[in-house]
Every structure is written in structure tokens, then in C-alpha cells.
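Peer 1: Structure supplied as input-v4.txt; contents: compact mmCIF, C-alpha atoms.
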```
# COMPACT_ATOMS: atom_id res chain seq x y z
CA MET Q 183 0.00 0.00 0.00
CA ARG Q 184 1.39 3.39 -0.99
CA GLN Q 185 2.51 5.63 1.86
CA ARG Q 186 0.26 8.66 2.18
CA ASN Q 187 2.00 12.02 1.95
CA ASN Q 188 1.97 14.83 4.50
CA SER Q 189 3.32 12.99 7.53
CA VAL Q 190 6.22 14.06 9.70
CA PHE Q 191 8.44 11.54 11.48
CA ILE Q 192 9.99 12.98 14.66
CA ILE Q 193 13.13 11.15 15.70
CA ARG Q 194 15.49 11.50 18.62
CA HIS Q 195 19.18 10.89 17.91
CA GLY Q 196 20.67 7.51 18.79
CA GLU Q 197 21.99 6.81 22.27
CA THR Q 198 25.22 8.63 23.10
CA LYS Q 199 27.97 7.92 25.61
CA TRP Q 200 26.63 10.66 27.91
CA ASN Q 201 23.06 9.32 27.61
CA ALA Q 202 24.32 5.95 28.79
CA GLU Q 203 26.26 7.56 31.64
CA ASN Q 204 23.41 9.89 32.76
CA ILE Q 205 25.34 13.07 32.02
CA TYR Q 206 23.67 16.36 31.02
CA GLN Q 207 24.35 16.90 27.33
CA GLY Q 208 22.42 19.86 25.89
CA LYS Q 209 24.40 21.68 23.22
CA SER Q 210 27.55 19.74 24.14
CA ASN Q 211 28.41 16.58 22.26
CA SER Q 212 29.36 13.00 22.98
CA PRO Q 213 29.60 10.19 20.40
CA LEU Q 214 26.92 7.66 19.56
CA THR Q 215 27.35 4.36 21.37
CA LYS Q 216 27.34 1.01 19.56
CA ASN Q 217 23.70 0.65 20.66
CA GLY Q 218 22.97 4.13 19.32
CA ILE Q 219 24.40 3.28 15.91
CA GLU Q 220 22.56 -0.05 15.75
CA SER Q 221 19.21 1.47 16.73
CA ALA Q 222 19.64 4.20 14.10
CA LYS Q 223 20.22 1.49 11.49
CA LYS Q 224 17.07 -0.37 12.57
CA LEU Q 225 15.11 2.88 12.56
CA ALA Q 226 16.35 3.60 9.03
CA VAL Q 227 15.08 0.21 7.83
CA SER Q 228 11.66 0.91 9.35
CA LEU Q 229 11.47 4.16 7.36
CA GLN Q 230 12.19 2.63 3.98
CA GLY Q 231 9.33 2.93 1.53
CA LYS Q 232 7.83 5.97 3.27
CA ASN Q 233 8.45 8.30 0.30
CA ILE Q 234 10.69 10.63 2.35
CA LYS Q 235 12.91 13.10 0.50
CA TYR Q 236 14.19 15.38 3.26
CA ILE Q 237 15.59 15.05 6.76
CA TYR Q 238 15.60 18.28 8.77
CA ALA Q 239 18.19 17.84 11.50
CA SER Q 240 19.72 19.64 14.41
CA PRO Q 241 23.32 20.56 13.51
CA LEU Q 242 24.77 18.91 16.64
CA LYS Q 243 27.04 15.97 15.82
CA ARG Q 244 24.90 13.23 17.39
CA THR Q 245 21.90 14.24 15.29
CA GLN Q 246 24.01 14.60 12.14
CA ASP Q 247 25.47 11.11 12.67
CA THR Q 248 21.99 9.64 13.22
CA SER Q 249 20.63 11.50 10.18
CA LYS Q 250 23.42 10.23 7.93
CA ILE Q 251 22.68 6.60 8.83
CA ILE Q 252 19.02 7.17 7.94
CA ALA Q 253 19.74 9.21 4.81
CA ASP Q 254 22.14 6.60 3.44
CA SER Q 255 19.45 3.95 3.88
CA ILE Q 256 16.42 5.77 2.43
CA GLY Q 257 18.10 8.14 -0.04
CA ALA Q 258 16.97 11.38 1.61
CA GLU Q 259 18.72 14.75 1.66
CA ILE Q 260 19.82 16.17 5.04
CA ILE Q 261 19.12 19.85 5.74
CA LEU Q 262 20.57 21.25 8.98
CA ILE Q 263 18.26 23.51 11.00
CA PRO Q 264 20.08 25.60 13.65
CA GLU Q 265 16.82 26.22 15.52
CA PHE Q 266 16.56 22.47 16.23
CA GLU Q 267 19.62 22.38 18.49
CA GLU Q 268 18.92 20.92 21.90
CA MET Q 269 18.08 23.07 24.90
CA SER Q 270 21.14 24.57 26.57
CA PHE Q 271 21.58 23.17 30.07
CA GLY Q 272 24.13 25.89 30.79
CA ILE Q 273 26.58 25.11 33.58
CA LEU Q 274 25.05 21.64 34.04
CA GLU Q 275 26.34 20.34 30.71
CA GLY Q 276 28.97 17.66 31.12
CA ARG Q 277 27.89 17.01 34.72
CA LEU Q 278 26.51 13.78 36.13
CA MET Q 279 22.76 14.27 36.56
CA ASP Q 280 22.64 13.01 40.15
CA GLU Q 281 25.43 15.36 41.24
CA ALA Q 282 24.10 18.39 39.37
CA ASP Q 283 20.54 17.79 40.63
CA LYS Q 284 21.75 17.74 44.25
CA GLU Q 285 23.85 20.87 43.76
CA HIS Q 286 20.84 22.74 42.32
CA LYS Q 287 18.24 21.06 44.49
CA GLU Q 288 15.96 24.08 44.93
CA PHE Q 289 15.79 24.67 41.18
CA PHE Q 290 14.71 21.08 40.49
CA ILE Q 291 12.23 21.00 43.39
CA ARG Q 292 10.50 24.09 41.98
CA ARG Q 293 10.51 22.60 38.46
CA SER Q 294 8.79 19.48 39.77
CA ALA Q 295 6.22 21.40 41.81
CA ASP Q 296 5.25 24.14 39.34
CA VAL Q 297 4.92 23.44 35.63
CA ARG Q 298 4.81 27.17 34.81
CA TYR Q 299 8.16 27.59 36.54
CA LYS Q 300 9.50 24.62 34.56
CA ILE Q 301 8.39 26.20 31.28
CA ALA Q 302 9.58 29.76 31.91
CA THR Q 303 12.71 29.39 34.06
CA PRO Q 304 15.98 28.64 32.27
CA PHE Q 305 18.61 26.20 33.46
CA PRO Q 306 21.46 28.05 35.20
CA GLN Q 307 23.13 30.06 32.41
CA GLY Q 308 21.08 28.03 29.92
CA GLU Q 309 17.65 28.03 28.27
CA SER Q 310 14.02 27.43 29.23
CA TYR Q 311 11.24 25.65 27.37
CA LEU Q 312 9.79 29.05 26.54
CA ASP Q 313 13.11 29.94 24.89
CA LEU Q 314 12.84 26.78 22.80
CA TYR Q 315 9.27 27.56 21.80
CA ASN Q 316 10.25 31.04 20.64
CA ARG Q 317 13.23 29.59 18.79
CA VAL Q 318 11.39 26.95 16.76
CA HIS Q 319 7.79 28.14 16.46
CA LYS Q 320 7.97 29.91 13.08
CA ARG Q 321 10.25 27.29 11.53
CA VAL Q 322 7.94 24.43 12.54
CA ARG Q 323 4.81 26.25 11.35
CA ASP Q 324 6.45 26.85 7.96
CA MET Q 325 7.54 23.21 7.70
CA THR Q 326 4.05 21.85 8.30
CA LYS Q 327 2.87 23.60 5.13
CA ASN Q 328 5.01 21.06 3.26
CA LYS Q 329 2.89 18.52 1.37
CA ASP Q 330 5.54 15.79 1.34
CA ASN Q 331 6.58 13.33 4.03
CA PHE Q 332 9.64 14.46 5.94
CA ILE Q 333 11.75 13.63 8.98
CA ILE Q 334 12.89 15.79 11.88
CA VAL Q 335 15.91 14.48 13.80
CA GLY Q 336 16.28 16.32 17.08
CA HIS Q 337 16.63 15.85 20.82
CA GLN Q 338 14.34 14.99 23.70
CA SER Q 339 13.64 18.55 24.93
CA ILE Q 340 13.40 20.26 21.55
CA ASN Q 341 11.23 17.42 20.18
CA ARG Q 342 8.73 18.00 23.01
CA ILE Q 343 8.22 21.54 21.79
CA ILE Q 344 8.14 20.60 18.10
CA ARG Q 345 5.45 17.97 18.74
CA ALA Q 346 3.43 20.40 20.87
CA ILE Q 347 3.43 23.00 18.09
CA ILE Q 348 2.41 20.50 15.40
CA LEU Q 349 -0.29 18.89 17.55
CA ASP Q 350 -1.53 22.18 19.07
CA ILE Q 351 -0.93 20.82 22.58
CA PRO Q 352 -0.28 23.19 25.53
CA LEU Q 353 3.32 23.28 26.74
CA GLU Q 354 2.09 22.32 30.22
CA PHE Q 355 1.50 18.81 28.86
CA ALA Q 356 4.37 18.66 26.39
CA VAL Q 357 7.14 19.27 28.93
CA THR Q 358 6.24 16.00 30.68
CA TRP Q 359 6.64 13.86 27.54
CA ARG Q 360 9.58 11.50 27.15
CA GLN Q 361 11.10 10.06 24.00
CA LYS Q 362 13.62 7.24 24.10
CA ASN Q 363 16.49 7.01 21.65
CA TYR Q 364 14.95 3.97 19.97
CA GLU Q 365 11.44 5.29 19.32
CA TYR Q 366 9.95 7.85 16.97
CA PHE Q 367 6.62 9.59 16.46
CA GLU Q 368 4.68 9.79 13.21
CA ILE Q 369 2.19 12.64 12.93
CA ASP Q 370 -0.38 12.80 10.13
CA LEU Q 371 -0.51 16.51 9.34
CA HIS Q 372 -4.04 16.20 7.91
CA THR Q 373 -5.67 14.65 10.97
CA LYS Q 374 -3.13 15.67 13.67
CA LYS Q 375 -3.10 12.06 14.82
CA GLU Q 376 0.16 10.80 16.31
CA PHE Q 377 1.51 7.25 16.32
CA LYS Q 378 4.47 6.00 18.36
CA HIS Q 379 6.85 3.49 16.80
CA VAL Q 380 9.36 1.47 18.83
CA ILE Q 381 12.13 -0.24 16.93
```
Take the structure in the file and give it back as C-alpha cells.
Peer 2:
Amino acid sequence: MRQRNNSVFIIRHGETKWNAENIYQGKSNSPLTKNGIESAKKLAVSLQGKNIKYIYASPLKRTQDTSKIIADSIGAEIILIPEFEEMSFGILEGRLMDEADKEHKEFFIRRSADVRYKIATPFPQGESYLDLYNRVHKRVRDMTKNKDNFIIVGHQSINRIIRAIILDIPLEFAVTWRQKNYEYFEIDLHTKKEFKHVI
């Protein structure tokens, strides 16, 4: 059966060394693990035959590496989108999550207790979810006018905001969503229905 056009496939990059070690990553980089490379290859196979011509990717290395594996498999062109970089975690980047969370305990307690605080308050010397929304909103709205199937390869935090914009979901809900490195979301842009795929 022929794949219907006007769907977007939202992918998180493959697992990285810092993902596996529970280290804050943000705009910093660490390489894909063996598992990350293998899952990207499996994901690429699952996307074959979807009539996809373009992959819009964050310019960070882990997303570029994931995108190249997919592009080589399905014959798509990669276009780097600076707005799709991950949220900046500021001074927490490169730090073990457990250690950083204890050091900034009050910040994380308030984030857990008040979703509005979580949306509007940036990480120390970093960004907030509101910053991400302002960064990607116009770009995502323009992309959804596209009548072809396409892929977005991003990161957990930025993908929350991208999905919220496409689905017209309030940020209060979106900031609680999680996306593992081995799953992706398919959104039909006609119906605004979303399907989760686990590879």
C-alpha cells in the first residue's frame, strides 16, 4: 500500500555515551554508542518505503550522525536547522545528573512542583522551554505547510516543543513527555493524529 504524503516523522538521535552515563548533554556533544548506531540502522530500515525526500536535522554531531545513517538507507537529503539544536543546560552540561541535581536542588524542586516555573525558568546560564518555543515556532509552522513526508531528527527537549506546536498541545502537557532514543513519532498533518513506533 502506498505511503500517504503529508506525515512528519519525529526522531530522537541515537543513544550517546553521555546518555548511557546519565550526564547532562544539551548543546555539548558525545559520540553515539554502539547501541545508538545499531538502533539508528534499525530505525532507518523501518522508514524505507515511506516516500521521504528530506531530513531536517539539528546541527549537533549526534543528530548529524543519526541522520546520515538514515539518509544513506532511504536516499533522503539532510538539511541542517540551527533552531533544532537541543536546549542549553548551561553550567550543568557535562555534569553527572545526580550530582548536578543535588547541587541545584531548589531549582529542580521548583521545576517538579510548578509546571509554569518549569516552562519559563531557564537552566542556570542556559535556556528554558519558553526559549525553545520562541526559537522553533515559526520554523515548525512553515515546515508543516510542506505537502511531502519528511523527517525531523532532534533531541528529547526540543522534540517535546516541536510535537506540541504541530499537535496544538499546551506546553504544560508537552514538557512531561519523554522520547527514548529507539522510538519515533509519526504525525499525520491532515488529521493531527500521532503514532508511536518502537524499533
Peer 1: Please check which residues have atoms at most 12 Å from (18.4, 4.3, 10.2) in the file's coordinates, counting all atoms listed in the file, and write them as a compact mmCIF listing (two decimals) with C-alpha atoms, in the coordinates of the input.
Peer 2:
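For reference, point.txt as written:
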```
# COMPACT_ATOMS: atom_id res chain seq x y z
CA ILE Q 193 13.13 11.15 15.70
CA ARG Q 194 15.49 11.50 18.62
CA HIS Q 195 19.18 10.89 17.91
CA GLY Q 196 20.67 7.51 18.79
CA GLY Q 218 22.97 4.13 19.32
CA ILE Q 219 24.40 3.28 15.91
CA GLU Q 220 22.56 -0.05 15.75
CA SER Q 221 19.21 1.47 16.73
CA ALA Q 222 19.64 4.20 14.10
CA LYS Q 223 20.22 1.49 11.49
CA LYS Q 224 17.07 -0.37 12.57
CA LEU Q 225 15.11 2.88 12.56
CA ALA Q 226 16.35 3.60 9.03
CA VAL Q 227 15.08 0.21 7.83
CA SER Q 228 11.66 0.91 9.35
CA LEU Q 229 11.47 4.16 7.36
CA GLN Q 230 12.19 2.63 3.98
CA ILE Q 237 15.59 15.05 6.76
CA THR Q 245 21.90 14.24 15.29
CA GLN Q 246 24.01 14.60 12.14
CA ASP Q 247 25.47 11.11 12.67
CA THR Q 248 21.99 9.64 13.22
CA SER Q 249 20.63 11.50 10.18
CA LYS Q 250 23.42 10.23 7.93
CA ILE Q 251 22.68 6.60 8.83
CA ILE Q 252 19.02 7.17 7.94
CA ALA Q 253 19.74 9.21 4.81
CA ASP Q 254 22.14 6.60 3.44
CA SER Q 255 19.45 3.95 3.88
CA ILE Q 256 16.42 5.77 2.43
CA GLY Q 257 18.10 8.14 -0.04
CA ALA Q 258 16.97 11.38 1.61
CA ILE Q 333 11.75 13.63 8.98
CA VAL Q 335 15.91 14.48 13.80
CA ASN Q 363 16.49 7.01 21.65
CA TYR Q 364 14.95 3.97 19.97
CA GLU Q 365 11.44 5.29 19.32
CA TYR Q 366 9.95 7.85 16.97
CA ILE Q 381 12.13 -0.24 16.93
```
Peer 1: Using all atoms listed in the file, which of the listed residues (Q:Pro352, Q:Pro213, Q:Gly272, Q:Gly336) sits closest to Phe305 of chain Q?
Peer 2: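 Using all atoms listed in the file, the shortest distance to Phe305 of chain Q belongs to Q:Gly272.
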Peer 1: Fewer than 5 positions away in the same chain doesn't count, so skip those; otherwise give me all residues within 10 Å of Asn316 of chain Q, counting only C-alpha atoms, as a PyMOL selection string.
Peer 2: chain Q and resi 265+311+321+343
Peer 1: Identify which of the residues Q:Pro241, Q:Arg293, Q:Ile263, Q:Glu368 lies closest to Phe332 of chain Q, counting only C-alpha atoms when measuring atom-to-atom distances.
Peer 2: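 Of Q:Pro241, Q:Arg293, Q:Ile263, Q:Glu368, the one nearest Phe332 of chain Q, counting only C-alpha atoms, is Q:Glu368.
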Peer 1: Neighbours of Leu314 of chain Q within 12 Å (all atoms listed in the file; same-chain residues fewer than 2 positions away dropped), as a PyMOL selection string?
Peer 2: chain Q and resi 264-271+301-304+308-312+316-322+337-344+346-347+353+357
Peer 1: Write out as a PDB file with C-alpha atoms, in the coordinates of the input the residues lying within 9 Å of segment 280-290 of chain Q, counting all atoms listed in the file and excluding same-chain residues fewer than 6 positions away.
Peer 2:
```pdb
ATOM      1  CA  ASN Q 204      23.410   9.890  32.760  1.00  0.00           C
ATOM      2  CA  ILE Q 205      25.340  13.070  32.020  1.00  0.00           C
ATOM      3  CA  TYR Q 206      23.670  16.360  31.020  1.00  0.00           C
ATOM      4  CA  LEU Q 274      25.050  21.640  34.040  1.00  0.00           C
ATOM      5  CA  LYS Q 300       9.500  24.620  34.560  1.00  0.00           C
ATOM      6  CA  PHE Q 305      18.610  26.200  33.460  1.00  0.00           C
ATOM      7  CA  PRO Q 306      21.460  28.050  35.200  1.00  0.00           C
TER       8      PRO Q 306
END
```
Peer 1: Select, from Q:Trp200, Q:Asp296, Q:Asp370, Q:Ile192, the residue with the minimum atom-to-atom distance to Asp330 of chain Q, counting all atoms listed in the file.
Peer 2: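 Using all atoms listed in the file, the shortest distance to Asp330 of chain Q belongs to Q:Asp370.
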Peer 1: So that I can check the surroundings of Phe355 of chain Q, please list as a PDB file with C-alpha atoms, in the frame of the given file every protein, DNA and RNA residue that reaches within 9 Å of it, counting only C-alpha atoms and ignoring chain neighbours fewer than 4 positions away.
Peer 2:
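This went into part_6.pdb:
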```pdb
ATOM      1  CA  VAL Q 297       4.920  23.440  35.630  1.00  0.00           C
ATOM      2  CA  ALA Q 346       3.430  20.400  20.870  1.00  0.00           C
ATOM      3  CA  ILE Q 351      -0.930  20.820  22.580  1.00  0.00           C
ATOM      4  CA  TRP Q 359       6.640  13.860  27.540  1.00  0.00           C
TER       5      TRP Q 359
END
```
Peer 1: Pull segment 296-309 of chain Q out of the block and emit all heavy atoms, as an mmCIF file, in the first residue's frame.
Peer 2:
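What landed in decode.cif:
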```cif
data_model
loop_
_atom_site.group_PDB
_atom_site.id
_atom_site.type_symbol
_atom_site.label_atom_id
_atom_site.label_comp_id
_atom_site.auth_asym_id
_atom_site.auth_seq_id
_atom_site.Cartn_x
_atom_site.Cartn_y
_atom_site.Cartn_z
ATOM 1 N N ASP Q 296 5.964 23.074 40.045
ATOM 2 C CA ASP Q 296 5.247 24.142 39.342
ATOM 3 C C ASP Q 296 5.585 24.086 37.856
ATOM 4 O O ASP Q 296 6.685 24.462 37.444
ATOM 5 C CB ASP Q 296 5.647 25.495 39.936
ATOM 6 C CG ASP Q 296 4.879 26.659 39.329
ATOM 7 O OD1 ASP Q 296 4.164 26.458 38.326
ATOM 8 O OD2 ASP Q 296 5.002 27.774 39.868
ATOM 9 N N VAL Q 297 4.645 23.608 37.044
ATOM 10 C CA VAL Q 297 4.921 23.438 35.626
ATOM 11 C C VAL Q 297 5.183 24.777 34.938
ATOM 12 O O VAL Q 297 5.960 24.862 33.982
ATOM 13 C CB VAL Q 297 3.784 22.659 34.929
ATOM 14 C CG1 VAL Q 297 2.509 23.495 34.860
ATOM 15 C CG2 VAL Q 297 4.211 22.181 33.555
ATOM 16 N N ARG Q 298 4.554 25.854 35.408
ATOM 17 C CA ARG Q 298 4.811 27.172 34.809
ATOM 18 C C ARG Q 298 6.244 27.616 35.054
ATOM 19 O O ARG Q 298 6.872 28.227 34.189
ATOM 20 C CB ARG Q 298 3.823 28.196 35.364
ATOM 21 C CG ARG Q 298 2.377 27.982 34.884
ATOM 22 C CD ARG Q 298 1.399 28.856 35.605
ATOM 23 N NE ARG Q 298 1.374 28.565 37.040
ATOM 24 C CZ ARG Q 298 0.616 29.182 37.910
ATOM 25 N NH1 ARG Q 298 -0.189 30.155 37.517
ATOM 26 N NH2 ARG Q 298 0.644 28.855 39.191
ATOM 27 N N TYR Q 299 6.750 27.299 36.245
ATOM 28 C CA TYR Q 299 8.162 27.592 36.545
ATOM 29 C C TYR Q 299 9.062 26.771 35.620
ATOM 30 O O TYR Q 299 10.055 27.285 35.082
ATOM 31 C CB TYR Q 299 8.447 27.248 38.004
ATOM 32 C CG TYR Q 299 9.873 27.512 38.454
ATOM 33 C CD1 TYR Q 299 10.245 28.758 38.929
ATOM 34 C CD2 TYR Q 299 10.835 26.504 38.416
ATOM 35 C CE1 TYR Q 299 11.551 29.004 39.356
ATOM 36 C CE2 TYR Q 299 12.134 26.733 38.817
ATOM 37 C CZ TYR Q 299 12.485 27.985 39.294
ATOM 38 O OH TYR Q 299 13.781 28.220 39.699
ATOM 39 N N LYS Q 300 8.705 25.498 35.426
ATOM 40 C CA LYS Q 300 9.495 24.621 34.558
ATOM 41 C C LYS Q 300 9.546 25.157 33.131
ATOM 42 O O LYS Q 300 10.583 25.086 32.469
ATOM 43 C CB LYS Q 300 8.889 23.216 34.571
ATOM 44 C CG LYS Q 300 9.656 22.192 33.741
ATOM 45 C CD LYS Q 300 9.057 20.806 33.909
ATOM 46 C CE LYS Q 300 9.875 19.767 33.145
ATOM 47 N NZ LYS Q 300 9.372 18.396 33.364
ATOM 48 N N ILE Q 301 8.439 25.692 32.641
ATOM 49 C CA ILE Q 301 8.389 26.204 31.276
ATOM 50 C C ILE Q 301 9.188 27.490 31.121
ATOM 51 O O ILE Q 301 9.923 27.664 30.142
ATOM 52 C CB ILE Q 301 6.923 26.438 30.848
ATOM 53 C CG1 ILE Q 301 6.200 25.088 30.702
ATOM 54 C CG2 ILE Q 301 6.838 27.231 29.542
ATOM 55 C CD1 ILE Q 301 4.704 25.221 30.563
ATOM 56 N N ALA Q 302 9.063 28.389 32.078
ATOM 57 C CA ALA Q 302 9.581 29.756 31.907
ATOM 58 C C ALA Q 302 10.975 29.989 32.472
ATOM 59 O O ALA Q 302 11.641 30.948 32.074
ATOM 60 C CB ALA Q 302 8.613 30.748 32.543
ATOM 61 N N THR Q 303 11.445 29.137 33.376
ATOM 62 C CA THR Q 303 12.712 29.394 34.063
ATOM 63 C C THR Q 303 13.844 28.627 33.391
ATOM 64 O O THR Q 303 13.789 27.398 33.282
ATOM 65 C CB THR Q 303 12.622 28.996 35.544
ATOM 66 O OG1 THR Q 303 11.511 29.661 36.131
ATOM 67 C CG2 THR Q 303 13.902 29.379 36.281
ATOM 68 N N PRO Q 304 14.882 29.334 32.949
ATOM 69 C CA PRO Q 304 15.984 28.645 32.269
ATOM 70 C C PRO Q 304 16.870 27.861 33.238
ATOM 71 O O PRO Q 304 16.918 28.152 34.428
ATOM 72 C CB PRO Q 304 16.773 29.793 31.631
ATOM 73 C CG PRO Q 304 16.464 30.987 32.462
ATOM 74 C CD PRO Q 304 15.063 30.803 32.967
ATOM 75 N N PHE Q 305 17.546 26.857 32.703
ATOM 76 C CA PHE Q 305 18.608 26.205 33.458
ATOM 77 C C PHE Q 305 19.681 27.245 33.779
ATOM 78 O O PHE Q 305 19.808 28.245 33.058
ATOM 79 C CB PHE Q 305 19.216 25.063 32.633
ATOM 80 C CG PHE Q 305 18.424 23.792 32.699
ATOM 81 C CD1 PHE Q 305 17.281 23.617 31.925
ATOM 82 C CD2 PHE Q 305 18.816 22.760 33.538
ATOM 83 C CE1 PHE Q 305 16.545 22.448 31.992
ATOM 84 C CE2 PHE Q 305 18.089 21.580 33.614
ATOM 85 C CZ PHE Q 305 16.955 21.430 32.844
ATOM 86 N N PRO Q 306 20.443 27.058 34.844
ATOM 87 C CA PRO Q 306 21.464 28.051 35.201
ATOM 88 C C PRO Q 306 22.394 28.344 34.020
ATOM 89 O O PRO Q 306 23.074 27.451 33.514
ATOM 90 C CB PRO Q 306 22.213 27.373 36.357
ATOM 91 C CG PRO Q 306 21.220 26.434 36.955
ATOM 92 C CD PRO Q 306 20.402 25.929 35.805
ATOM 93 N N GLN Q 307 22.357 29.587 33.565
ATOM 94 C CA GLN Q 307 23.128 30.057 32.406
ATOM 95 C C GLN Q 307 22.755 29.306 31.125
ATOM 96 O O GLN Q 307 23.545 29.223 30.182
ATOM 97 C CB GLN Q 307 24.638 29.948 32.680
ATOM 98 C CG GLN Q 307 25.112 30.822 33.835
ATOM 99 C CD GLN Q 307 26.589 30.709 34.102
ATOM 100 O OE1 GLN Q 307 27.393 30.500 33.180
ATOM 101 N NE2 GLN Q 307 26.979 30.861 35.360
ATOM 102 N N GLY Q 308 21.536 28.774 31.091
ATOM 103 C CA GLY Q 308 21.079 28.033 29.922
ATOM 104 C C GLY Q 308 19.764 28.558 29.400
ATOM 105 O O GLY Q 308 19.501 29.771 29.444
ATOM 106 N N GLU Q 309 18.908 27.653 28.892
ATOM 107 C CA GLU Q 309 17.653 28.029 28.275
ATOM 108 C C GLU Q 309 16.461 27.427 29.019
ATOM 109 O O GLU Q 309 16.607 26.486 29.805
ATOM 110 C CB GLU Q 309 17.605 27.533 26.821
ATOM 111 C CG GLU Q 309 18.553 28.259 25.881
ATOM 112 C CD GLU Q 309 18.442 27.726 24.462
ATOM 113 O OE1 GLU Q 309 18.729 26.527 24.246
ATOM 114 O OE2 GLU Q 309 18.068 28.508 23.562
#
```
